[in-house]
Each structure stands twice: as structure tokens, then as C-alpha cells.
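work.txt (compact mmCIF, C-alpha atoms)
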# COMPACT_ATOMS: atom_id res chain seq x y z
CA MET E 1 -58.92 36.65 2.86
CA LYS E 2 -55.24 37.22 2.09
CA ASN E 3 -55.23 40.42 4.17
CA LEU E 4 -56.94 38.62 7.05
CA LEU E 5 -54.32 35.84 6.93
CA THR E 6 -51.49 38.37 6.83
CA ARG E 7 -53.04 40.24 9.73
CA ALA E 8 -53.44 37.01 11.72
CA LEU E 9 -49.86 35.80 11.12
CA THR E 10 -48.34 39.19 11.93
CA GLY E 11 -50.53 39.50 15.01
CA ALA E 12 -49.57 36.02 16.21
CA ALA E 13 -45.84 36.67 15.76
CA PHE E 14 -45.98 40.00 17.54
CA LEU E 15 -48.15 38.51 20.27
CA ILE E 16 -45.41 35.96 21.02
CA VAL E 17 -42.83 38.76 21.27
CA MET E 18 -45.09 40.85 23.50
CA VAL E 19 -46.02 38.01 25.84
CA GLY E 20 -42.40 36.90 26.08
CA ALA E 21 -41.19 40.40 26.95
CA ILE E 22 -43.97 40.88 29.51
CA ARG E 23 -43.35 37.47 31.08
CA PHE E 24 -39.59 37.97 31.46
CA GLY E 25 -40.05 41.63 32.41
CA SER E 26 -37.39 44.20 33.24
CA PHE E 27 -34.82 44.52 30.46
CA PRO E 28 -36.64 42.55 27.70
CA LEU E 29 -39.75 44.63 28.42
CA LEU E 30 -37.72 47.84 28.49
CA GLY E 31 -36.09 47.00 25.17
CA LEU E 32 -39.42 46.26 23.50
CA PHE E 33 -41.07 49.40 24.87
CA MET E 34 -38.13 51.55 23.74
CA PHE E 35 -38.45 50.06 20.26
CA ILE E 36 -42.21 50.71 20.20
CA VAL E 37 -41.94 54.27 21.49
CA PHE E 38 -39.11 55.21 19.13
CA LEU E 39 -40.98 53.95 16.08
CA ALA E 40 -44.30 55.42 17.21
CA VAL E 41 -42.72 58.88 17.63
CA TYR E 42 -40.95 58.43 14.29
CA GLU E 43 -44.28 57.64 12.60
CA PHE E 44 -46.02 60.52 14.34
CA PHE E 45 -43.63 63.07 12.85
CA SER E 46 -43.98 61.40 9.47
CA LEU E 47 -47.72 62.08 9.74
CA THR E 48 -47.23 65.71 10.75
CA GLY E 49 -44.73 66.39 7.99
CA LEU E 50 -41.98 67.49 10.38
CA LYS E 51 -39.71 64.66 9.28
CA GLN E 52 -36.53 66.36 10.49
CA ALA E 53 -37.75 65.83 14.07
CA ARG E 54 -38.34 62.08 13.73
CA LEU E 55 -34.93 60.79 14.76
CA PRO E 56 -33.94 63.26 17.49
CA VAL E 57 -37.32 63.34 19.25
CA GLY E 58 -37.73 59.56 18.86
CA ALA E 59 -34.31 59.08 20.45
CA ILE E 60 -35.14 61.47 23.31
CA ALA E 61 -38.40 59.62 23.98
CA ALA E 62 -36.59 56.25 24.04
CA VAL E 63 -33.90 57.58 26.40
CA LEU E 64 -36.50 59.04 28.76
CA LEU E 65 -38.25 55.69 28.83
CA ALA E 66 -34.96 53.87 29.45
CA CYS E 67 -34.17 56.08 32.46
CA SER E 68 -37.63 56.03 34.04
CA PRO E 69 -37.43 52.72 35.99
CA TRP E 70 -34.50 53.97 38.06
CA VAL E 71 -35.71 57.41 39.08
CA ALA E 72 -38.47 58.73 41.33
CA TRP E 73 -41.61 60.30 39.89
CA VAL E 74 -40.47 63.82 40.70
CA ASP E 75 -37.22 63.13 38.84
CA ILE E 76 -39.15 61.81 35.85
CA SER E 77 -40.97 65.14 35.74
CA LEU E 78 -37.63 66.92 35.83
CA MET E 79 -36.33 64.70 33.03
CA PHE E 80 -39.30 65.58 30.83
CA LEU E 81 -38.83 69.29 31.55
CA LEU E 82 -35.15 69.04 30.60
CA ALA E 83 -36.17 67.15 27.46
CA PHE E 84 -38.56 69.98 26.64
CA VAL E 85 -35.75 72.53 26.99
CA LEU E 86 -33.49 70.39 24.78
CA ILE E 87 -36.21 70.00 22.15
CA CYS E 88 -36.91 73.73 22.11
CA LEU E 89 -33.22 74.41 21.53
CA MET E 90 -33.00 71.71 18.87
CA ALA E 91 -36.09 73.05 17.11
CA PHE E 92 -34.16 76.10 15.91
CA PHE E 93 -31.77 73.79 14.07
CA ILE E 94 -34.30 71.15 12.98
CA LYS E 95 -36.67 73.62 11.31
CA PRO E 96 -36.02 77.27 12.24
CA ASN E 97 -39.11 78.63 10.47
CA ALA E 98 -41.35 76.20 12.38
CA ALA E 99 -39.54 76.04 15.73
CA ILE E 100 -42.70 76.60 17.77
CA GLU E 101 -44.57 73.92 15.84
CA VAL E 102 -41.72 71.43 16.30
CA SER E 103 -41.51 72.18 20.03
CA MET E 104 -45.24 71.85 20.67
CA GLN E 105 -45.63 68.68 18.63
CA SER E 106 -42.56 67.19 20.31
CA VAL E 107 -44.00 67.81 23.76
CA PHE E 108 -47.32 66.36 22.59
CA ALA E 109 -45.57 63.26 21.25
CA LEU E 110 -43.71 62.73 24.53
CA ILE E 111 -46.89 63.02 26.60
CA TRP E 112 -49.17 61.12 24.23
CA ILE E 113 -46.80 58.29 23.30
CA ALA E 114 -43.97 57.97 25.84
CA VAL E 115 -45.70 58.66 29.18
CA PRO E 116 -48.22 55.77 28.89
CA PHE E 117 -45.35 53.33 28.42
CA VAL E 118 -43.49 54.88 31.36
CA LEU E 119 -46.53 54.03 33.52
CA LEU E 120 -46.70 50.45 32.22
CA LEU E 121 -42.96 50.05 32.70
CA HIS E 122 -43.34 51.19 36.31
CA ILE E 123 -45.53 48.11 36.86
CA GLY E 124 -43.45 45.76 34.74
CA PHE E 125 -40.15 46.53 36.49
CA GLU E 126 -41.53 45.46 39.86
CA ALA E 127 -41.14 41.79 40.81
CA THR E 128 -44.54 41.93 42.47
CA TYR E 129 -47.32 44.48 42.27
CA HIS E 130 -50.25 44.45 44.67
CA ASP E 131 -49.12 41.05 46.00
CA ARG E 132 -48.99 39.37 42.58
CA PRO E 133 -46.28 38.92 39.95
CA SER E 134 -46.28 42.17 38.00
CA TYR E 135 -46.36 40.44 34.62
CA GLN E 136 -49.85 39.15 35.40
CA TRP E 137 -51.21 42.70 35.60
CA LEU E 138 -49.61 43.71 32.32
CA LEU E 139 -50.82 40.56 30.59
CA ALA E 140 -54.32 41.20 31.91
CA TYR E 141 -54.22 44.77 30.61
CA PHE E 142 -53.03 43.83 27.14
CA VAL E 143 -55.38 40.85 26.92
CA LEU E 144 -58.34 43.16 27.56
CA LEU E 145 -57.13 45.50 24.81
CA TRP E 146 -56.49 42.64 22.38
CA VAL E 147 -59.87 41.07 23.05
CA ASN E 148 -61.57 44.40 22.51
CA ASP E 149 -59.66 45.13 19.31
CA THR E 150 -59.96 41.62 17.85
CA PHE E 151 -63.67 41.14 18.41
CA ALA E 152 -64.54 44.69 17.41
CA TYR E 153 -62.75 44.00 14.14
CA LEU E 154 -64.27 40.54 13.56
CA ILE E 155 -67.83 41.49 14.51
CA GLY E 156 -67.58 44.73 12.58
CA LYS E 157 -66.51 42.80 9.49
CA ALA E 158 -69.24 40.17 9.96
CA ILE E 159 -72.33 42.21 10.85
CA GLY E 160 -71.24 45.85 11.03
CA ARG E 161 -73.73 48.08 9.22
CA HIS E 162 -73.77 51.38 11.07
CA PRO E 163 -70.57 53.51 11.02
CA LEU E 164 -69.43 54.72 14.42
CA ALA E 165 -67.53 57.80 13.26
CA PRO E 166 -67.60 57.90 9.44
CA LYS E 167 -65.82 61.26 9.22
CA VAL E 168 -62.88 59.90 11.21
CA SER E 169 -62.67 56.15 10.53
CA ALA E 170 -64.80 54.49 7.87
CA GLY E 171 -64.06 50.99 9.13
CA LYS E 172 -65.39 51.29 12.67
CA THR E 173 -69.00 50.31 13.26
CA ILE E 174 -71.39 50.56 16.18
CA GLU E 175 -71.95 46.79 16.04
CA GLY E 176 -68.23 46.07 16.13
CA THR E 177 -67.68 48.50 19.00
CA LEU E 178 -70.49 46.95 21.08
CA GLY E 179 -69.19 43.46 20.28
CA GLY E 180 -65.72 44.43 21.45
CA ILE E 181 -67.10 45.82 24.71
CA ILE E 182 -69.21 42.71 25.37
CA PHE E 183 -66.31 40.30 24.78
CA THR E 184 -63.99 42.48 26.86
CA ILE E 185 -66.46 42.27 29.74
CA GLY E 186 -66.50 38.49 29.29
CA ALA E 187 -62.70 38.35 29.38
CA ALA E 188 -62.66 40.50 32.53
CA ILE E 189 -65.18 38.24 34.26
CA MET E 190 -63.02 35.22 33.38
CA MET E 191 -59.98 36.94 34.90
CA ALA E 192 -61.96 37.54 38.08
CA ARG E 193 -63.72 34.19 38.40
CA VAL E 194 -61.27 31.72 36.86
CA PHE E 195 -57.86 33.29 37.51
CA HIS E 196 -58.89 35.33 40.59
CA LEU E 197 -56.75 38.22 39.36
CA PHE E 198 -59.22 40.98 40.23
CA PRO E 199 -62.25 41.31 42.44
CA LEU E 200 -65.27 41.05 40.15
CA TYR E 201 -66.27 44.69 40.64
CA LYS E 202 -62.77 45.88 39.63
CA ALA E 203 -62.67 43.57 36.62
CA LEU E 204 -66.01 44.90 35.38
CA PHE E 205 -64.93 48.47 36.05
CA LEU E 206 -61.73 47.92 34.06
CA ALA E 207 -63.62 46.45 31.11
CA LEU E 208 -66.28 49.17 31.09
CA VAL E 209 -63.64 51.91 31.27
CA LEU E 210 -60.87 50.53 29.06
CA SER E 211 -63.00 49.23 26.19
CA PRO E 212 -64.73 52.49 25.13
CA ILE E 213 -61.62 54.56 25.91
CA ALA E 214 -59.60 52.23 23.67
CA VAL E 215 -62.03 53.01 20.84
CA ALA E 216 -61.71 56.75 21.51
CA SER E 217 -57.92 56.41 21.56
CA ASP E 218 -58.02 54.60 18.23
CA LEU E 219 -60.23 57.29 16.71
CA PHE E 220 -57.93 60.03 17.99
CA GLU E 221 -55.00 58.44 16.19
CA SER E 222 -57.19 58.17 13.09
CA LEU E 223 -57.63 61.95 13.18
CA TRP E 224 -53.89 62.37 12.66
CA LYS E 225 -53.89 59.88 9.80
CA ARG E 226 -56.89 61.57 8.15
CA LYS E 227 -55.15 64.92 8.48
CA ALA E 228 -52.07 63.43 6.82
CA GLY E 229 -54.19 61.70 4.16
CA VAL E 230 -52.85 58.19 4.82
CA LYS E 231 -54.50 54.87 5.70
CA ASP E 232 -51.77 53.59 8.03
CA SER E 233 -49.12 55.31 10.11
CA GLY E 234 -46.46 52.91 8.78
CA ASN E 235 -45.91 49.48 7.27
CA ILE E 236 -43.60 47.74 9.74
CA LEU E 237 -46.38 45.30 10.74
CA PRO E 238 -47.98 43.80 7.61
CA GLY E 239 -51.76 43.81 7.92
CA HIS E 240 -51.63 46.08 10.96
CA GLY E 241 -49.77 49.13 9.68
CA GLY E 242 -47.32 50.88 11.97
CA MET E 243 -46.62 51.05 15.67
CA LEU E 244 -49.05 53.93 16.10
CA ASP E 245 -51.75 51.77 14.51
CA ARG E 246 -50.92 48.76 16.66
CA PHE E 247 -50.66 50.60 19.98
CA ASP E 248 -53.08 53.48 19.46
CA SER E 249 -55.41 52.13 22.15
CA VAL E 250 -52.57 52.13 24.72
CA PHE E 251 -52.07 55.90 24.65
CA PHE E 252 -55.38 56.73 26.35
CA THR E 253 -55.99 53.50 28.27
CA ALA E 254 -52.61 53.03 30.01
CA PRO E 255 -53.08 56.10 32.28
CA CYS E 256 -56.63 54.90 33.10
CA PHE E 257 -55.39 51.38 33.85
CA TYR E 258 -52.61 52.70 36.08
CA ALA E 259 -55.05 54.96 37.95
CA ILE E 260 -57.54 52.11 38.50
CA MET E 261 -54.74 49.90 39.79
CA GLN E 262 -54.12 52.44 42.54
CA LEU E 263 -57.69 52.08 43.85
If you took the structure in this file and wrote it as C-alpha cells, what would it be?
Amino acid sequence: MKNLLTRALTGAAFLIVMVGAIRFGSFPLLGLFMFIVFLAVYEFFSLTGLKQARLPVGAIAAVLLACSPWVAWVDISLMFLLAFVLICLMAFFIKPNAAIEVSMQSVFALIWIAVPFVLLLHIGFEATYHDRPSYQWLLAYFVLLWVNDTFAYLIGKAIGRHPLAPKVSAGKTIEGTLGGIIFTIGAAIMMARVFHLFPLYKALFLALVLSPIAVASDLFESLWKRKAGVKDSGNILPGHGGMLDRFDSVFFTAPCFYAIMQL
């Protein structure tokens, strides 16, 4: 009960920060995303054991994110290539006997963690997106993820009996996963019918795509934690763990959401 209360209070506080940053957009959103990406990269290298890379690669990821709203897509690609060159050069000084490992994991961290937030920031920095205020799309995206995560957790705790992937994450159940998908579909229908944000077919498509991919994204992050032998990636968010734990579903779903928005 105490852990549930801690989780709820932390979640509520962070929800206020997230919604505020999304609603005001631009620089508040950029600042929050830079903070998230820096800490997520920092935690990732803590999991891999390459702790010397945490600060420099985290800083590079945050700087790339900070520059992305003002440059074209082709220039973003160039920026990431230059970052790769810089990281490869730095790797010889960070850990000479594991320079290749540092380089490859750094590139992985940039693609896995930073790029999804670059895509979301591309939406959030626009005043309007597809003829609507851009913050509405980001709120819709995160609401779908939060609904999926919250109800998967609650239903899994209440009636979960059958593990979904016991070798990866002991806490996830088939019942909880199905419950999360069902409630996410319900939230998507409400967005379509009550708030008229999406056509119904697109809302359903989003829910059916994002919900299971969010679970897969969560499990993928759990693989890294299992490899490192830890329960949480960090402890900055009491009851939730670290930034990787809190935003693990974003890493796979943000590219899918951005792609669907182009349809």
C-alpha cells in the first residue's frame, strides 16, 4: 500500500510537470525533454557498466535534442553523424580498451533514446499540426501511453495470474496487458467521439498499434535491467524508478506515432 501511494504521488507530480510542459510547448517542452534524455542516457550507461561514458554521451544527446527544432531533417542526420565521429574519438579517452563497445553503445543510446524525443519535439515546436494545436497531439499520445501503463499495472495487480514474459519481467501478466490494451482502445474512442481529435479509424489504429508496442518497448528495457541485475534503472522517481523506467514505452512507440500522424 505504501509503495502504491508513493507511486501515485510521484506519478501525479510528474504528470503535472509533463502536462504543463506539453501545454506551453516550445522551450518548456525542450527543457523537459533534454532533462529526460540526459538522465535516460546516463542511466543506460550505468546499466551497461560503461560509467565513464554517462556524462559525455548524455550531454551530446541533450545538445542534439536542443538543436533539432531549428534544423532540417537532413541536417539532423548530419548532426548525428558528426556526433558519432565525436563519440568514436572520445571513446579512446573514455575507455581505450573498450573503445568499440563505447562507440556502438553510444550510437545505440542516441538512436534508442534521443531520436524518439526529437520526433516528438518536431510536433511540439509547431504552433499547429494537422490543423490543430500541436499540444493536443502530444497530450493524446502520452494519455494513450499512460492509460495503457496504468491499467496494465492495476489489472495485473488485481487479477493477473499468467506471466507474459517471466524470463524478462516477472511483474507483467497477460491479464494486465490485455486490460491495458482494452482501456487504451476506450481512451482512443473517447478522443475520437468526444474530443473529435482523430477520425475513429485512426484512433483505433493508434490504440491497437501503440498499446502492444509499448509493452514490447517496456520488455526491451527490462532486458537491459536483467542483464545488469537490477530492478530499476534509477531512483530519481520514487515508486517508478528512473527515467528509463518511466519512459521506456516512448522509445518504440514515438516513431510509430509520428509515422501514423503522417498518414
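Distances here use only C-alpha atoms; by that measure, the residue among E:Phe80, E:Ile16, E:Asp232, E:Thr184 closest to E:Val115 is E:Phe80.
Checking E:His122, E:Pro166, E:Ala114, E:Leu30 one by one against E:Ala72, counting all atoms listed in the file, you find the shortest gap at E:His122.
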Between atom CA of E:Ser106 and atom CA of E:Val85 lies a distance of 10.9 Å
Considering all atoms listed in the file, state which residue in the set E:Val17, E:Met34, E:Ala228, E:Ile182 is at the smallest distance from E:Val63.
E:Met34
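With all atoms listed in the file as the atoms that count, the residue of E:Tyr141, E:Tyr201, E:Trp224, E:Phe45 with the shortest distance to E:Val168 is E:Trp224.
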Contacts of E:Ile36 at 8 Å or less, counting only C-alpha atoms, minus same-chain residues fewer than 4 places along, as a list in words?
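What passes the distance filter is Leu32, Ala40 and Met243 of chain E.
Atom CA of E:Cys67 to atom CA of E:Phe142 spans 23.1 Å [interatomic distance, one decimal].
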At a cut-off of 12 Å, using all atoms listed in the file, what residues contact E:His162? Leave out same-chain residues fewer than 6 positions from it and give the result as an MDAnalysis selection string.
chainID E and resid 156 170:178
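Here atom CA of E:Asp245 and atom CA of E:Gly160 stand 20.7 Å from one another.
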Could you check the closest approach to E:Thr48 for each of E:Phe108, E:Tyr129, E:Phe251, E:Phe14 and tell me which residue wins, using all atoms listed in the file?
E:Phe108
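The nearest approach to E:Tyr153 among the residues E:Ala8, E:Ile76, E:Ala91, E:Leu197, with all atoms listed in the file taken into account, belongs to E:Ala8.
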Neighbours of E:Leu119 within 10 Å (all atoms listed in the file; same-chain residues fewer than 5 positions away dropped), as a PyMOL selection string?
chain E and resi 65+68-69+114+124+254-255+257-259
Surrounding residues of E:Val215 excluding itself and chain neighbours under 2 positions, 12 Å, all atoms listed in the file, as number ranges by chain
E: 145-146, 148-150, 152-153, 164-165, 168-169, 172-174, 176-181, 208-213, 217-222, 247-253
